[in-house]
Amino acid sequence: MVARSPLRIAWLIAIAAAVCSALVLGLVESLTAAHIGIPGLLCIAMATGGVVFAVGWFLIRRFIQDRVDLIYRSIHETRKGEMPSVMSADLFQAMNADVSAWAREKHTEILGLKERERFRREFIGNLAHELRTPIFNIQGYVLTLLEGGLEDPKVNRNFLERASAGVDRMINIVEDLELITQLESGVMAMSIGRMDLNAPIDEIIEALEMKAREKRITLRNEVPEQEMVMGDRGRLAQVFSNLFTNAINYGKEGGSCTVRAFEQGDRVLVEVADDGIGIAKEHWPRLFERFYRVGQSRARNEGGSGLGLAIVKHIVEGHGGTITVKSEEGKGTTFSFTLSRAR
């Protein structure tokens, strides 16, 4: 829509009135004996146009533009806290520009609201699914015990251990949810200090040694000795625990997962690379979302809360760094993030 100023509108009305008056007078002259002549027609048309312009301009200013100007300035002052520096003749163009900008802004807001609503639905659905599996398993074990399995020494202990494992899984989900909520809200402060990057890596490799051995996966630390960074040792241990656990769960039997570090000015680039099943490129943008799963190959029965990578992302960002992923199906995955180098 093209905005026209009130002055231009008044001129258009005046020209139209002048042309119409000339045509009417010419018709009258042709039908009667009056002899007005072309000069007379032009004078009358110009006079008519002038009068119409004056009256039209007064009416437009009095009843339209002044009111619109007041409304526009009041809205502008309320929204931005200041009066717009707009000439009256440019008021309608300014309004047109503001309305267009407002429409674009609201369109963007609507898209954002729709995206958040989609994320909310997916999150609730995924959370319900994550909790439903261990709850149903526990229910099944308890019912079996109540129906006579409790009296069978070959069954009771086995089923109680399975029920306990289900409870542990639900506890892990709830604890991870609480942790990620604290990280997102900024409630959980990081105890960042000068530390050796090797410390949390070696700690987690030792803790996951048995689990890795079961799948014949080798965990390697190739970070240079005394690689000093600024970090929270406990939180960085969680990062490496989640990344190593992913490599074990989705790795190939007999494979490996290796941590390397490279100094880049005042930053240290950390890479955690495995030679597992890999991740298709279309999944990369959503890998760090809560409960996001990469197809059926990463089934929920492989364990975990589904929040590991989301927690990793928030911990890395809490250290002022960024994390990215690079992967190729069938060849492996590399997670890379940055930390501040300690002086």
# chains A, B, ... in the order shown; residues from 1 in each chain; ligands from 1
call {"tool": "residues_around", "arguments": {"residues": "stretch 286-290 of chain A", "least_positions_apart": "5", "cutoff": "9 Å", "atoms": "only C-alpha atoms", "output": "NGL selection string"}}
result
:A and (123 or 126 or 306-313 or 325)
call {"tool": "closest_atom_pairs", "arguments": {"of": "stretch 248-268 of chain A", "to": "stretch 229-240 of chain A", "cutoff": "12 Å", "atoms": "only C-alpha atoms", "output": "JSON lines"}}
result
{"residue": "A:Cys257", "atom": "CA", "partner": "A:Phe240", "partner_atom": "CA", "distance": 11.0}
{"residue": "A:Thr258", "atom": "CA", "partner": "A:Phe240", "partner_atom": "CA", "distance": 10.8}
{"residue": "A:Val259", "atom": "CA", "partner": "A:Phe240", "partner_atom": "CA", "distance": 9.0}
{"residue": "A:Arg260", "atom": "CA", "partner": "A:Phe240", "partner_atom": "CA", "distance": 11.9}
{"residue": "A:Ala261", "atom": "CA", "partner": "A:Val229", "partner_atom": "CA", "distance": 10.7}
{"residue": "A:Phe262", "atom": "CA", "partner": "A:Val229", "partner_atom": "CA", "distance": 11.6}
{"residue": "A:Glu263", "atom": "CA", "partner": "A:Val229", "partner_atom": "CA", "distance": 10.1}
{"residue": "A:Asp266", "atom": "CA", "partner": "A:Val229", "partner_atom": "CA", "distance": 9.7}
{"residue": "A:Arg267", "atom": "CA", "partner": "A:Val229", "partner_atom": "CA", "distance": 8.4}
{"residue": "A:Val268", "atom": "CA", "partner": "A:Val229", "partner_atom": "CA", "distance": 7.5}
call {"tool": "residues_around", "arguments": {"residues": "A:Asn221", "least_positions_apart": "6", "cutoff": "12 Å", "atoms": "only C-alpha atoms", "output": "PyMOL selection string"}}
result
chain A and resi 197-206+227+240+244+256-261+270-273
call {"tool": "write_last_selection", "arguments": {"atoms": "N, CA and C atoms", "output": "mmCIF file, in the first residue's frame"}}
result
data_model
loop_
_atom_site.group_PDB
_atom_site.id
_atom_site.type_symbol
_atom_site.label_atom_id
_atom_site.label_comp_id
_atom_site.auth_asym_id
_atom_site.auth_seq_id
_atom_site.Cartn_x
_atom_site.Cartn_y
_atom_site.Cartn_z
ATOM 1 N N LEU A 197 43.281 -29.697 33.051
ATOM 2 C CA LEU A 197 42.206 -30.321 32.286
ATOM 3 C C LEU A 197 42.251 -31.837 32.372
ATOM 4 N N ASN A 198 43.440 -32.397 32.613
ATOM 5 C CA ASN A 198 43.567 -33.855 32.684
ATOM 6 C C ASN A 198 42.840 -34.457 33.883
ATOM 7 N N ALA A 199 42.656 -33.674 34.959
ATOM 8 C CA ALA A 199 42.095 -34.221 36.198
ATOM 9 C C ALA A 199 40.684 -34.781 36.002
ATOM 10 N N PRO A 200 39.712 -34.004 35.486
ATOM 11 C CA PRO A 200 38.371 -34.586 35.322
ATOM 12 C C PRO A 200 38.321 -35.683 34.264
ATOM 13 N N ILE A 201 39.198 -35.595 33.246
ATOM 14 C CA ILE A 201 39.204 -36.626 32.194
ATOM 15 C C ILE A 201 39.650 -37.961 32.766
ATOM 16 N N ASP A 202 40.776 -37.951 33.480
ATOM 17 C CA ASP A 202 41.278 -39.200 34.070
ATOM 18 C C ASP A 202 40.292 -39.776 35.081
ATOM 19 N N GLU A 203 39.636 -38.885 35.823
ATOM 20 C CA GLU A 203 38.659 -39.333 36.833
ATOM 21 C C GLU A 203 37.505 -40.087 36.173
ATOM 22 N N ILE A 204 36.977 -39.558 35.073
ATOM 23 C CA ILE A 204 35.828 -40.181 34.414
ATOM 24 C C ILE A 204 36.249 -41.447 33.665
ATOM 25 N N ILE A 205 37.425 -41.448 33.072
ATOM 26 C CA ILE A 205 37.898 -42.658 32.395
ATOM 27 C C ILE A 205 38.002 -43.817 33.382
ATOM 28 N N GLU A 206 38.500 -43.520 34.565
ATOM 29 C CA GLU A 206 38.607 -44.557 35.603
ATOM 30 C C GLU A 206 37.221 -45.020 36.054
ATOM 31 N N GLU A 227 47.837 -29.209 31.087
ATOM 32 C CA GLU A 227 47.054 -28.307 30.222
ATOM 33 C C GLU A 227 46.120 -27.524 31.144
ATOM 34 N N PHE A 240 32.516 -34.591 30.466
ATOM 35 C CA PHE A 240 33.239 -35.751 29.923
ATOM 36 C C PHE A 240 32.509 -37.060 30.219
ATOM 37 N N PHE A 244 31.572 -39.388 27.125
ATOM 38 C CA PHE A 244 32.124 -40.755 27.108
ATOM 39 C C PHE A 244 31.003 -41.796 27.140
ATOM 40 N N SER A 256 36.866 -46.940 19.945
ATOM 41 C CA SER A 256 37.577 -46.096 20.905
ATOM 42 C C SER A 256 36.945 -44.712 20.962
ATOM 43 N N CYS A 257 37.284 -43.989 22.028
ATOM 44 C CA CYS A 257 36.884 -42.592 22.181
ATOM 45 C C CYS A 257 38.081 -41.851 22.762
ATOM 46 N N THR A 258 38.482 -40.767 22.107
ATOM 47 C CA THR A 258 39.724 -40.079 22.464
ATOM 48 C C THR A 258 39.473 -38.601 22.724
ATOM 49 N N VAL A 259 40.136 -38.091 23.784
ATOM 50 C CA VAL A 259 40.071 -36.659 24.097
ATOM 51 C C VAL A 259 41.398 -36.015 23.723
ATOM 52 N N ARG A 260 41.312 -34.903 22.986
ATOM 53 C CA ARG A 260 42.506 -34.133 22.613
ATOM 54 C C ARG A 260 42.255 -32.668 22.946
ATOM 55 N N ALA A 261 43.347 -31.901 23.067
ATOM 56 C CA ALA A 261 43.222 -30.471 23.345
ATOM 57 C C ALA A 261 44.262 -29.703 22.535
ATOM 58 N N VAL A 270 38.870 -28.281 22.924
ATOM 59 C CA VAL A 270 38.821 -29.669 23.402
ATOM 60 C C VAL A 270 37.978 -30.478 22.433
ATOM 61 N N GLU A 271 38.498 -31.616 21.998
ATOM 62 C CA GLU A 271 37.770 -32.497 21.085
ATOM 63 C C GLU A 271 37.594 -33.870 21.725
ATOM 64 N N VAL A 272 36.358 -34.382 21.688
ATOM 65 C CA VAL A 272 36.058 -35.737 22.155
ATOM 66 C C VAL A 272 35.550 -36.497 20.934
ATOM 67 N N ALA A 273 36.389 -37.392 20.400
ATOM 68 C CA ALA A 273 36.085 -38.066 19.131
ATOM 69 C C ALA A 273 35.961 -39.566 19.316
#
call {"tool": "closest_residue", "arguments": {"among": "A:Thr338, A:Arg132, A:Ala280, A:Glu109", "to": "A:Arg169", "atoms": "only C-alpha atoms"}}
result
A:Arg132
call {"tool": "atom_distance", "arguments": {"atom1": "atom CA of A:Ile192", "atom2": "atom CA of A:His314"}}
result
14.5 Å
call {"tool": "select_by_dssp", "arguments": {"residues": "stretch 230-343 of chain A", "states": "strand (DSSP E or B)", "output": "ChimeraX atom specification"}}
result
/A:230-231,256-264,267-274,323-328,332-341
call {"tool": "select_by_dssp", "arguments": {"residues": "stretch 235-316 of chain A", "states": "helix (DSSP H, G or I)", "output": "ChimeraX atom specification"}}
result
/A:235-249,281-286,300-302,308-316
call {"tool": "atom_distance", "arguments": {"atom1": "atom CA of A:Ser336", "atom2": "atom CA of A:Met210"}}
result
25.4 Å
call {"tool": "residues_around", "arguments": {"residues": "A:Gly276", "least_positions_apart": "5", "cutoff": "6 Å", "atoms": "only C-alpha atoms", "output": "PyMOL selection string"}}
result
chain A and resi 251-252+332
call {"tool": "residues_around", "arguments": {"residues": "A:Leu131", "least_positions_apart": "3", "cutoff": "8 Å", "atoms": "only C-alpha atoms", "output": "number ranges by chain"}}
result
A: 127-128, 134-135, 170, 173
call {"tool": "atom_distance", "arguments": {"atom1": "atom CA of A:Arg220", "atom2": "atom CA of A:Asn246"}}
result
14.6 Å
